[in-house]
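S.K.: This is my_file-v1.cif (mmCIF, C-alpha atoms).
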data_run
loop_
_atom_site.group_PDB
_atom_site.id
_atom_site.type_symbol
_atom_site.label_atom_id
_atom_site.label_comp_id
_atom_site.auth_asym_id
_atom_site.auth_seq_id
_atom_site.Cartn_x
_atom_site.Cartn_y
_atom_site.Cartn_z
ATOM 1 C CA MET A 22 -133.780 -193.502 -102.513
ATOM 2 C CA GLU A 23 -131.240 -195.634 -104.346
ATOM 3 C CA VAL A 24 -130.489 -198.644 -102.182
ATOM 4 C CA ALA A 25 -129.764 -201.579 -104.476
ATOM 5 C CA HIS A 26 -125.967 -201.350 -104.510
ATOM 6 C CA PHE A 27 -125.743 -201.691 -100.728
ATOM 7 C CA PHE A 28 -127.104 -205.231 -100.760
ATOM 8 C CA PHE A 29 -124.001 -206.852 -102.186
ATOM 9 C CA GLU A 30 -121.744 -206.121 -99.205
ATOM 10 C CA GLY A 31 -122.084 -209.681 -97.935
ATOM 11 C CA THR A 32 -120.686 -211.168 -101.149
ATOM 12 C CA GLU A 33 -117.435 -209.237 -100.694
ATOM 13 C CA LYS A 34 -116.642 -210.859 -97.360
ATOM 14 C CA HIS A 35 -113.592 -213.105 -97.213
ATOM 15 C CA LEU A 36 -115.307 -216.161 -95.813
ATOM 16 C CA LYS A 37 -116.796 -218.793 -98.096
ATOM 17 C CA VAL A 38 -119.482 -221.273 -97.107
ATOM 18 C CA ARG A 39 -119.961 -224.299 -99.340
ATOM 19 C CA PHE A 40 -122.970 -226.527 -99.135
ATOM 20 C CA SER A 41 -123.323 -230.163 -100.111
ATOM 21 C CA ARG A 42 -126.326 -232.377 -100.677
ATOM 22 C CA GLN A 43 -124.887 -235.250 -98.683
ATOM 23 C CA GLN A 44 -127.226 -236.865 -96.176
ATOM 24 C CA PHE A 45 -127.081 -237.018 -92.408
ATOM 25 C CA ASP A 46 -127.119 -240.328 -90.638
ATOM 26 C CA THR A 47 -130.683 -241.498 -90.140
ATOM 27 C CA ASN A 48 -130.624 -240.478 -86.473
ATOM 28 C CA GLN A 49 -129.642 -236.904 -87.318
ATOM 29 C CA GLY A 50 -132.241 -235.869 -89.863
ATOM 30 C CA SER A 51 -131.840 -234.787 -93.478
ATOM 31 C CA ARG A 52 -129.167 -232.569 -94.940
ATOM 32 C CA ASP A 53 -129.552 -230.573 -98.124
ATOM 33 C CA LEU A 54 -128.526 -227.300 -99.704
ATOM 34 C CA HIS A 55 -130.969 -225.380 -97.533
ATOM 35 C CA THR A 56 -130.030 -226.777 -94.149
ATOM 36 C CA THR A 57 -126.421 -227.599 -93.355
ATOM 37 C CA PRO A 58 -123.038 -226.814 -94.915
ATOM 38 C CA ARG A 59 -120.790 -229.816 -95.256
ATOM 39 C CA TYR A 60 -117.602 -227.776 -95.261
ATOM 40 C CA LEU A 61 -116.651 -224.284 -94.116
ATOM 41 C CA TYR A 62 -113.715 -222.540 -95.731
ATOM 42 C CA ALA A 63 -112.146 -219.533 -93.984
ATOM 43 C CA LEU A 64 -109.810 -217.319 -95.971
ATOM 44 C CA ASP A 65 -107.201 -215.274 -94.098
ATOM 45 C CA LEU A 66 -107.603 -211.510 -94.309
ATOM 46 C CA PRO A 67 -104.371 -209.561 -94.816
ATOM 47 C CA GLU A 68 -103.634 -207.316 -91.847
ATOM 48 C CA SER A 69 -104.262 -204.248 -94.008
ATOM 49 C CA ARG A 70 -107.789 -205.458 -94.721
ATOM 50 C CA VAL A 71 -108.848 -206.044 -91.120
ATOM 51 C CA ILE A 72 -111.833 -203.801 -90.417
ATOM 52 C CA ASN A 73 -111.867 -201.962 -87.097
ATOM 53 C CA GLN A 74 -115.372 -200.567 -87.510
ATOM 54 C CA PRO A 75 -118.310 -202.732 -86.346
ATOM 55 C CA ASP A 76 -119.197 -205.134 -89.126
ATOM 56 C CA GLN A 77 -121.686 -207.996 -89.108
ATOM 57 C CA THR A 78 -123.871 -209.967 -91.504
ATOM 58 C CA LEU A 79 -126.729 -212.159 -90.302
ATOM 59 C CA GLU A 80 -128.331 -214.560 -92.760
ATOM 60 C CA ILE A 81 -131.267 -216.900 -92.201
ATOM 61 C CA LEU A 82 -131.963 -219.526 -94.885
ATOM 62 C CA LYS A 83 -135.290 -221.327 -94.621
ATOM 63 C CA SER A 84 -137.088 -224.180 -96.392
ATOM 64 C CA GLU A 85 -140.052 -226.567 -96.091
ATOM 65 C CA PHE A 86 -143.060 -224.291 -95.675
ATOM 66 C CA ASP A 87 -146.779 -224.645 -95.194
ATOM 67 C CA PRO A 88 -148.383 -223.943 -98.618
ATOM 68 C CA ALA A 89 -150.804 -221.542 -96.901
ATOM 69 C CA VAL A 90 -147.863 -219.366 -95.833
ATOM 70 C CA MET A 91 -146.310 -219.398 -99.294
ATOM 71 C CA ASP A 92 -149.640 -218.600 -100.962
ATOM 72 C CA GLN A 93 -149.140 -214.963 -99.939
ATOM 73 C CA PHE A 94 -146.301 -214.712 -102.438
ATOM 74 C CA TYR A 95 -148.259 -215.679 -105.550
ATOM 75 C CA MET A 96 -149.450 -212.849 -107.770
ATOM 76 C CA LYS A 97 -153.180 -212.141 -107.436
ATOM 77 C CA ASP A 98 -155.417 -209.610 -109.158
ATOM 78 C CA GLY A 99 -155.452 -206.290 -107.342
ATOM 79 C CA VAL A 100 -152.734 -207.270 -104.852
ATOM 80 C CA THR A 101 -149.489 -205.287 -105.005
ATOM 81 C CA ALA A 102 -146.028 -206.006 -103.624
ATOM 82 C CA LYS A 103 -146.654 -203.265 -101.060
ATOM 83 C CA ASP A 104 -149.833 -205.039 -99.953
ATOM 84 C CA VAL A 105 -147.956 -208.308 -99.502
ATOM 85 C CA THR A 106 -145.152 -206.599 -97.573
ATOM 86 C CA HIS A 107 -147.639 -205.193 -95.051
ATOM 87 C CA GLU A 108 -150.097 -208.091 -94.840
ATOM 88 C CA SER A 109 -147.325 -210.645 -94.329
ATOM 89 C CA ARG A 110 -145.824 -208.407 -91.589
ATOM 90 C CA ILE A 111 -142.483 -208.321 -93.393
ATOM 91 C CA HIS A 112 -142.624 -204.516 -93.177
ATOM 92 C CA ASP A 113 -142.462 -204.727 -89.363
ATOM 93 C CA LEU A 114 -139.268 -206.786 -89.130
ATOM 94 C CA ILE A 115 -136.923 -203.773 -89.008
ATOM 95 C CA PRO A 116 -138.975 -200.616 -88.276
ATOM 96 C CA GLY A 117 -137.942 -197.275 -89.714
ATOM 97 C CA SER A 118 -136.814 -198.704 -93.052
ATOM 98 C CA VAL A 119 -137.446 -197.552 -96.599
ATOM 99 C CA VAL A 120 -138.688 -200.699 -98.371
ATOM 100 C CA ASP A 121 -138.661 -201.495 -102.080
ATOM 101 C CA ALA A 122 -140.479 -204.767 -102.895
ATOM 102 C CA THR A 123 -141.288 -206.722 -106.064
ATOM 103 C CA LEU A 124 -143.916 -209.425 -106.598
ATOM 104 C CA PHE A 125 -143.167 -211.652 -109.576
ATOM 105 C CA ASN A 126 -145.531 -213.264 -112.077
ATOM 106 C CA PRO A 127 -146.786 -215.894 -111.448
ATOM 107 C CA CYS A 128 -145.065 -216.126 -108.062
ATOM 108 C CA GLY A 129 -142.054 -215.040 -106.077
ATOM 109 C CA TYR A 130 -141.165 -212.039 -103.973
ATOM 110 C CA SER A 131 -138.092 -209.917 -103.330
ATOM 111 C CA MET A 132 -137.518 -206.865 -101.154
ATOM 112 C CA ASN A 133 -134.720 -204.530 -100.099
ATOM 113 C CA GLY A 134 -134.900 -202.365 -96.992
ATOM 114 C CA MET A 135 -132.637 -199.528 -95.904
ATOM 115 C CA LYS A 136 -132.388 -197.296 -92.839
ATOM 116 C CA SER A 137 -130.740 -193.885 -92.654
ATOM 117 C CA ASP A 138 -127.809 -195.363 -90.700
ATOM 118 C CA ARG A 139 -127.011 -197.629 -93.711
ATOM 119 C CA THR A 140 -128.534 -200.699 -92.120
ATOM 120 C CA TYR A 141 -129.775 -202.908 -94.960
ATOM 121 C CA TRP A 142 -131.945 -206.000 -95.086
ATOM 122 C CA THR A 143 -133.163 -208.124 -97.938
ATOM 123 C CA ILE A 144 -135.569 -211.036 -98.421
ATOM 124 C CA HIS A 145 -135.972 -213.340 -101.432
ATOM 125 C CA ILE A 146 -138.790 -215.892 -101.641
ATOM 126 C CA THR A 147 -139.372 -218.833 -103.968
ATOM 127 C CA PRO A 148 -142.810 -220.180 -102.921
ATOM 128 C CA GLU A 149 -143.328 -223.223 -105.189
ATOM 129 C CA PRO A 150 -143.952 -226.278 -102.969
ATOM 130 C CA GLU A 151 -141.400 -228.456 -104.801
ATOM 131 C CA PHE A 152 -138.526 -226.130 -103.871
ATOM 132 C CA SER A 153 -139.866 -223.447 -101.536
ATOM 133 C CA TYR A 154 -137.085 -221.319 -100.137
ATOM 134 C CA VAL A 155 -136.713 -218.023 -98.251
ATOM 135 C CA SER A 156 -133.534 -216.078 -97.544
ATOM 136 C CA PHE A 157 -133.173 -213.163 -95.129
ATOM 137 C CA GLU A 158 -130.010 -211.078 -94.766
ATOM 138 C CA THR A 159 -129.125 -207.965 -92.777
ATOM 139 C CA ASN A 160 -126.174 -206.023 -91.400
ATOM 140 C CA LEU A 161 -128.312 -204.697 -88.523
ATOM 141 C CA SER A 162 -126.116 -204.011 -85.491
ATOM 142 C CA GLN A 163 -127.557 -205.555 -82.318
ATOM 143 C CA THR A 164 -126.248 -207.233 -79.193
ATOM 144 C CA SER A 165 -128.763 -210.045 -79.691
ATOM 145 C CA TYR A 166 -130.804 -211.148 -82.711
ATOM 146 C CA HIS A 167 -133.154 -213.337 -80.683
ATOM 147 C CA ASP A 168 -136.258 -211.155 -81.197
ATOM 148 C CA LEU A 169 -135.548 -210.624 -84.890
ATOM 149 C CA ILE A 170 -135.087 -214.365 -85.485
ATOM 150 C CA ARG A 171 -138.311 -215.057 -83.576
ATOM 151 C CA LYS A 172 -140.234 -212.570 -85.767
ATOM 152 C CA VAL A 173 -138.836 -214.129 -88.943
ATOM 153 C CA MET A 174 -139.906 -217.592 -87.743
ATOM 154 C CA GLU A 175 -143.404 -216.340 -86.870
ATOM 155 C CA ILE A 176 -143.873 -214.911 -90.368
ATOM 156 C CA PHE A 177 -142.550 -217.818 -92.430
ATOM 157 C CA LYS A 178 -142.993 -220.868 -90.154
ATOM 158 C CA PRO A 179 -140.307 -222.989 -91.890
ATOM 159 C CA GLY A 180 -139.721 -226.691 -91.414
ATOM 160 C CA ASN A 181 -135.996 -226.096 -91.095
ATOM 161 C CA PHE A 182 -133.524 -223.263 -91.323
ATOM 162 C CA VAL A 183 -129.904 -222.279 -90.884
ATOM 163 C CA ILE A 184 -128.443 -219.145 -89.354
ATOM 164 C CA THR A 185 -125.064 -217.759 -90.329
ATOM 165 C CA LEU A 186 -123.397 -214.863 -88.534
ATOM 166 C CA PHE A 187 -120.249 -213.241 -89.894
ATOM 167 C CA VAL A 188 -118.919 -210.698 -87.394
ATOM 168 C CA ASN A 189 -115.760 -208.814 -86.472
ATOM 169 C CA GLN A 190 -114.442 -208.120 -82.997
ATOM 170 C CA SER A 191 -115.741 -204.534 -83.004
ATOM 171 C CA SER A 192 -119.344 -205.637 -83.438
ATOM 172 C CA LYS A 193 -121.881 -205.593 -80.604
ATOM 173 C CA CYS A 194 -122.891 -209.176 -81.399
ATOM 174 C CA ARG A 195 -119.358 -210.660 -81.388
ATOM 175 C CA THR A 196 -120.234 -213.093 -78.573
ATOM 176 C CA MET A 197 -123.580 -214.179 -80.002
ATOM 177 C CA PHE A 198 -123.963 -217.886 -80.859
ATOM 178 C CA SER A 199 -120.944 -218.781 -78.728
ATOM 179 C CA SER A 200 -123.215 -221.534 -77.427
ATOM 180 C CA PRO A 201 -126.088 -223.307 -79.250
ATOM 181 C CA GLN A 202 -129.238 -221.188 -79.374
ATOM 182 C CA LYS A 203 -132.584 -222.373 -78.081
ATOM 183 C CA ILE A 204 -135.411 -221.523 -80.445
ATOM 184 C CA SER A 205 -138.937 -222.475 -79.488
ATOM 185 C CA SER A 206 -140.413 -225.439 -81.421
ATOM 186 C CA PHE A 207 -137.092 -226.166 -83.173
ATOM 187 C CA LYS A 208 -134.413 -228.765 -82.538
ATOM 188 C CA HIS A 209 -130.786 -227.705 -82.778
ATOM 189 C CA LEU A 210 -128.953 -229.922 -85.293
ATOM 190 C CA ASP A 211 -125.506 -228.540 -85.854
ATOM 191 C CA CYS A 212 -123.136 -225.725 -84.904
ATOM 192 C CA GLN A 213 -119.859 -224.901 -86.663
ATOM 193 C CA SER A 214 -117.519 -221.939 -86.468
ATOM 194 C CA ALA A 215 -114.467 -220.497 -88.161
ATOM 195 C CA ILE A 216 -112.060 -217.656 -87.384
ATOM 196 C CA SER A 217 -110.290 -215.431 -89.890
ATOM 197 C CA ASN A 218 -108.115 -212.729 -88.308
ATOM 198 C CA ASP A 219 -110.529 -210.154 -86.887
ATOM 199 C CA TYR A 220 -113.626 -212.042 -88.057
ATOM 200 C CA ASN A 221 -115.660 -214.864 -86.574
ATOM 201 C CA PHE A 222 -118.142 -216.971 -88.485
ATOM 202 C CA VAL A 223 -120.797 -219.142 -86.829
ATOM 203 C CA PHE A 224 -123.209 -221.516 -88.547
ATOM 204 C CA THR A 225 -126.148 -223.169 -86.771
ATOM 205 C CA SER A 226 -128.912 -225.362 -88.181
ATOM 206 C CA PHE A 227 -132.368 -226.180 -86.848
ATOM 207 C CA ALA A 228 -135.311 -228.430 -87.720
ATOM 208 C CA LYS A 229 -138.903 -228.295 -86.582
ATOM 209 C CA LYS A 230 -139.604 -230.579 -83.644
ATOM 210 C CA GLN A 231 -141.942 -233.431 -84.507
ATOM 211 C CA GLN A 232 -145.141 -233.282 -82.491
ATOM 212 C CA GLN A 233 -145.823 -236.480 -80.651
ATOM 213 C CA GLN A 234 -148.984 -238.336 -81.506
ATOM 214 C CA HIS A 235 -151.376 -238.917 -78.602
ATOM 215 C CA SER A 236 -153.604 -241.965 -78.615
#
Just give me the structure as structure tokens.

M.R.:
Amino acid sequence: MEVAHFFFEGTEKHLKVRFSRQQFDTNQGSRDLHTTPRYLYALDLPESRVINQPDQTLEILKSEFDPAVMDQFYMKDGVTAKDVTHESRIHDLIPGSVVDATLFNPCGYSMNGMKSDRTYWTIHITPEPEFSYVSFETNLSQTSYHDLIRKVMEIFKPGNFVITLFVNQSSKCRTMFSSPQKISSFKHLDCQSAISNDYNFVFTSFAKKQQQQHS
């Protein structure tokens, strides 16, 4: 099944998100390319380009991982990309998908998944501790992504992450993220939104809550 060309739909959207490496104030935490966009730019869609069919793109960008979690994505003798996809539980994120995965030498992982209804999802992983990074993207149509986000967090256990949702008014999830989400063990840092004709864009960022030390 040829699926690769479907995974570039998100890049054709008419909303740009630009990230900066500027820092938060000390009481807000750190800001970098992986966590919070400094500016959001919304480009107007001509009326002829407004899409009346349900259309949505969810992206989760994660960083700061436990090395034990990232160790799964280093090449090892006798371990295939298919093995990693199943053992990491990535395969279970969106059931019923055809999955094509690659494990890179000496490390790194990439997969594309596709369902018969043209739902796609893709994951790219850079596991090196100096710049570990995981991206997840899908156009899965759901009223709520709470369970999917929870599963992604359980697999990767990031130190911080951002969620972006780009959605039109015909989508089931058009009201999602209208208020800050509560995600177990994570502190909500920021929420920004933009509107472009029929489309809404919402950005939220989270950081792992610091466990209090007990004497």

S.K.: Work out how far CA of Val155 in chain A is from CA of Phe207 in chain A, in Å to one decimal.

M.R.: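 If I compute the distance from CA of Phe207 in chain A to CA of Val155 in chain A, I get 17.1 Å.
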
S.K.: With the file shown as input, list the residues that the PyMOL selection byres ((chain A and resi 75) around 6) selects, as a list of chain:residue names.

M.R.: A:Gln74, A:Asp76, A:Ser191, A:Ser192

S.K.: Compare A:Phe125, A:Phe187, A:Phe227, A:Phe182 by their minimum atom-to-atom distance to Val100 in chain A, counting all atoms listed in the file, and give me the closest one.

M.R.: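 That would be A:Phe125, the residue with the smallest distance to Val100 in chain A.
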
S.K.: Give as a compact mmCIF listing (two decimals) with C-alpha atoms, in the coordinates of the input every residue, naming chains and numbers as the document does, that has an atom within 8 Å of (-146.3, -224.0, -98.4), counting only C-alpha atoms.

M.R.:
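result-v3.txt, written as the output of this step:
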# COMPACT_ATOMS: atom_id res chain seq x y z
CA GLU A 85 -140.05 -226.57 -96.09
CA PHE A 86 -143.06 -224.29 -95.68
CA ASP A 87 -146.78 -224.64 -95.19
CA PRO A 88 -148.38 -223.94 -98.62
CA ALA A 89 -150.80 -221.54 -96.90
CA VAL A 90 -147.86 -219.37 -95.83
CA MET A 91 -146.31 -219.40 -99.29
CA ASP A 92 -149.64 -218.60 -100.96
CA PRO A 148 -142.81 -220.18 -102.92
CA GLU A 149 -143.33 -223.22 -105.19
CA PRO A 150 -143.95 -226.28 -102.97
CA SER A 153 -139.87 -223.45 -101.54

S.K.: Quick one: distance from CA of Val120 in chain A to CA of Thr140 in chain A in Å, one decimal?

M.R.: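 Going from CA of Val120 in chain A over to CA of Thr140 in chain A covers 11.9 Å.
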
S.K.: Any idea what the distance is between CA of Lys203 in chain A and CA of Ser109 in chain A?

M.R.: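 Straight-line distance from CA of Lys203 in chain A to CA of Ser109 in chain A works out to 24.9 Å.
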
S.K.: Choose the residue, out of A:Lys208, A:His145, A:Lys193, A:His112, that has the smallest atom-to-atom separation from Glu80 in chain A; count all atoms listed in the file.

M.R.: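 When distances to Glu80 in chain A are compared using all atoms listed in the file, the smallest one comes from A:His145.
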
S.K.: So, with only C-alpha atoms as the atoms that count, which of A:Ile184, A:Met135, A:Pro127, A:Asn189 lies closest to Asp211 in chain A?

M.R.: A:Ile184
